[in-house]
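Participant: Just one file: upload_1.cif, with mmCIF, C-alpha atoms.
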```cif
data_coords
#
loop_
_atom_site.group_PDB
_atom_site.id
_atom_site.type_symbol
_atom_site.label_atom_id
_atom_site.label_comp_id
_atom_site.auth_asym_id
_atom_site.auth_seq_id
_atom_site.Cartn_x
_atom_site.Cartn_y
_atom_site.Cartn_z
ATOM 1 C CA MET A 16 29.373 -168.692 -110.764
ATOM 2 C CA ILE A 17 32.834 -168.143 -109.321
ATOM 3 C CA PHE A 18 31.529 -165.306 -107.157
ATOM 4 C CA VAL A 19 28.771 -167.490 -105.702
ATOM 5 C CA ILE A 20 31.193 -170.341 -104.973
ATOM 6 C CA PHE A 21 33.579 -167.867 -103.355
ATOM 7 C CA ALA A 22 30.711 -166.469 -101.245
ATOM 8 C CA VAL A 23 29.778 -169.986 -100.083
ATOM 9 C CA ALA A 24 33.409 -170.749 -99.230
ATOM 10 C CA LEU A 25 33.772 -167.446 -97.357
ATOM 11 C CA TRP A 26 30.523 -168.018 -95.487
ATOM 12 C CA SER A 27 31.696 -171.499 -94.524
ATOM 13 C CA ALA A 28 35.025 -170.125 -93.323
ATOM 14 C CA ILE A 29 33.271 -167.488 -91.231
ATOM 15 C CA ASP A 30 31.059 -170.281 -89.871
ATOM 16 C CA THR A 31 34.334 -171.902 -88.666
ATOM 17 C CA ALA A 32 33.907 -174.993 -90.821
ATOM 18 C CA SER A 33 36.857 -177.277 -91.423
ATOM 19 C CA PHE A 34 38.831 -177.041 -94.661
ATOM 20 C CA GLY A 35 37.291 -180.268 -95.941
ATOM 21 C CA MET A 36 33.783 -179.000 -95.228
ATOM 22 C CA ILE A 37 34.524 -175.737 -97.045
ATOM 23 C CA ILE A 38 35.684 -177.675 -100.116
ATOM 24 C CA LEU A 39 32.661 -180.004 -99.935
ATOM 25 C CA ARG A 40 30.223 -177.092 -99.718
ATOM 26 C CA ALA A 41 31.939 -175.342 -102.642
ATOM 27 C CA ILE A 42 31.722 -178.503 -104.775
ATOM 28 C CA ILE A 43 28.054 -179.028 -103.900
ATOM 29 C CA CYS A 44 27.372 -175.373 -104.707
ATOM 30 C CA ALA A 45 29.082 -175.731 -108.108
ATOM 31 C CA ILE A 46 27.068 -178.859 -108.920
ATOM 32 C CA VAL A 47 23.771 -177.222 -107.955
ATOM 33 C CA LEU A 48 24.597 -174.162 -110.072
ATOM 34 C CA GLN A 49 25.526 -176.268 -113.103
ATOM 35 C CA VAL A 50 22.386 -178.417 -112.848
ATOM 36 C CA GLY A 51 20.246 -175.304 -112.512
ATOM 37 C CA TYR A 52 21.901 -173.679 -115.515
ATOM 38 C CA PHE A 53 21.438 -176.868 -117.564
ATOM 39 C CA ILE A 54 17.731 -177.030 -116.691
ATOM 40 C CA TYR A 55 17.343 -173.330 -117.546
ATOM 41 C CA VAL A 56 18.983 -173.740 -120.974
ATOM 42 C CA LEU A 57 17.016 -176.923 -121.662
ATOM 43 C CA GLY A 58 13.785 -175.068 -120.854
ATOM 44 C CA LYS A 59 14.716 -172.147 -123.111
ATOM 45 C CA VAL A 60 15.455 -174.520 -126.005
ATOM 46 C CA ALA A 61 12.203 -176.420 -125.437
ATOM 47 C CA MET A 62 10.164 -173.202 -125.350
ATOM 48 C CA HIS A 63 11.947 -171.944 -128.462
ATOM 49 C CA SER A 64 11.235 -175.118 -130.429
ATOM 50 C CA ARG A 65 7.636 -175.274 -129.191
ATOM 51 C CA ALA A 66 6.988 -171.681 -130.264
ATOM 52 C CA LYS A 67 8.673 -172.309 -133.608
ATOM 53 C CA SER A 68 6.517 -175.385 -134.298
ATOM 54 C CA ARG A 69 3.356 -173.388 -133.551
ATOM 55 C CA GLY A 70 4.397 -170.758 -136.085
ATOM 56 C CA LYS A 71 4.746 -167.923 -133.602
ATOM 57 C CA ALA A 72 7.366 -165.253 -134.032
ATOM 58 C CA VAL A 73 10.457 -166.313 -132.138
ATOM 59 C CA GLU A 74 13.064 -163.919 -130.819
ATOM 60 C CA PRO A 75 16.661 -164.807 -131.576
ATOM 61 C CA VAL A 76 18.470 -166.442 -128.687
ATOM 62 C CA ALA A 77 21.375 -164.004 -128.842
ATOM 63 C CA SER A 78 20.377 -160.537 -129.976
ATOM 64 C CA GLY A 79 22.676 -159.155 -132.604
ATOM 65 C CA ALA A 80 24.147 -162.550 -133.423
ATOM 66 C CA LYS A 81 24.198 -163.512 -137.074
ATOM 67 C CA GLY A 82 23.586 -167.011 -138.252
ATOM 68 C CA LYS A 83 25.154 -168.534 -141.350
ATOM 69 C CA ALA A 84 22.065 -167.653 -143.392
ATOM 70 C CA ASP A 85 22.527 -163.939 -142.625
ATOM 71 C CA LEU A 86 26.107 -163.787 -143.847
ATOM 72 C CA PRO A 87 26.818 -162.768 -147.430
ATOM 73 C CA LEU A 88 28.194 -165.420 -149.731
ATOM 74 C CA GLN A 89 31.927 -165.177 -150.158
ATOM 75 C CA ARG A 90 33.419 -166.212 -153.442
ATOM 76 C CA PRO A 91 37.071 -167.011 -153.930
ATOM 77 C CA LEU A 92 39.053 -164.446 -155.845
ATOM 78 C CA SER A 93 39.781 -165.504 -159.404
ATOM 79 C CA ARG A 94 42.871 -164.501 -161.360
#
```
Have the structure of the file written as structure tokens, please.

Facilitator:
Amino acid sequence: MIFVIFAVALWSAIDTASFGMIILRAIICAIVLQVGYFIYVLGKVAMHSRAKSRGKAVEPVASGAKGKADLPLQRPLSR
């Protein structure tokens, strides 16, 4: 995300935009990226829940990540 915002700012500077315009374009770029990322994550969650409700096999969101159910139970040490 930072690289894309930097590229937009650099492109604006090369385009001889004013400092205020460079900042405005960078802010608009950041907002568009965040909204796009939010929509992407929302879609992934919706697809995941839809597939889970249909009973299809669902891949874990993060491969290799363990949930609480996968962890062994830890008991306190007794004396």

Participant: Which residues come within 10 Å of Ala45 (chain A), counting only C-alpha atoms, excluding same-chain residues fewer than 5 positions away, as a PyMOL selection string?

Facilitator: chain A and resi 16-17+19-20+23+39-40+50-51

Participant: Keeping only C-alpha atoms, write the selected residues as a compact mmCIF listing (two decimals), keeping the file's coordinate frame.

Facilitator:
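part01.txt, freshly written:
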```txt
# COMPACT_ATOMS: atom_id res chain seq x y z
CA MET A 16 29.37 -168.69 -110.76
CA ILE A 17 32.83 -168.14 -109.32
CA VAL A 19 28.77 -167.49 -105.70
CA ILE A 20 31.19 -170.34 -104.97
CA VAL A 23 29.78 -169.99 -100.08
CA LEU A 39 32.66 -180.00 -99.94
CA ARG A 40 30.22 -177.09 -99.72
CA VAL A 50 22.39 -178.42 -112.85
CA GLY A 51 20.25 -175.30 -112.51
```

Participant: Would you pick out the contacts of Leu25 (chain A) at 12 Å or less, using all atoms listed in the file, so that residues sharing its chain but fewer than 3 positions from it are not included, and give the list as an MDAnalysis selection string?

Facilitator: chainID A and resid 18:22 28:34 36:38 40:41

Participant: I'd like the interatomic distance between CA of Cys44 (chain A) and CA of Val56 (chain A), to a tenth of an Å.

Facilitator: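 CA of Val56 (chain A) lies at a distance of 18.4 Å from CA of Cys44 (chain A).
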
Participant: For CA of Ile46 (chain A) and CA of Ala61 (chain A), quote the distance in Å rounded to one decimal.

Facilitator: 22.4 Å

Participant: Take CA of Ile42 (chain A) and CA of Ala24 (chain A) and report the distance between them in Å, one decimal.

Facilitator: 9.7 Å

Participant: Can you report as lines of an AutoDock Vina configuration file the centre and edge lengths in Å, to one decimal, of an axis-aligned box around the listed atoms of region 47-59 of chain A padded with 6 Å on each side?

Facilitator:
```
center_x = 19.7
center_y = -175.3
center_z = -115.5
size_x = 23.7
size_y = 18.3
size_z = 27.2
```
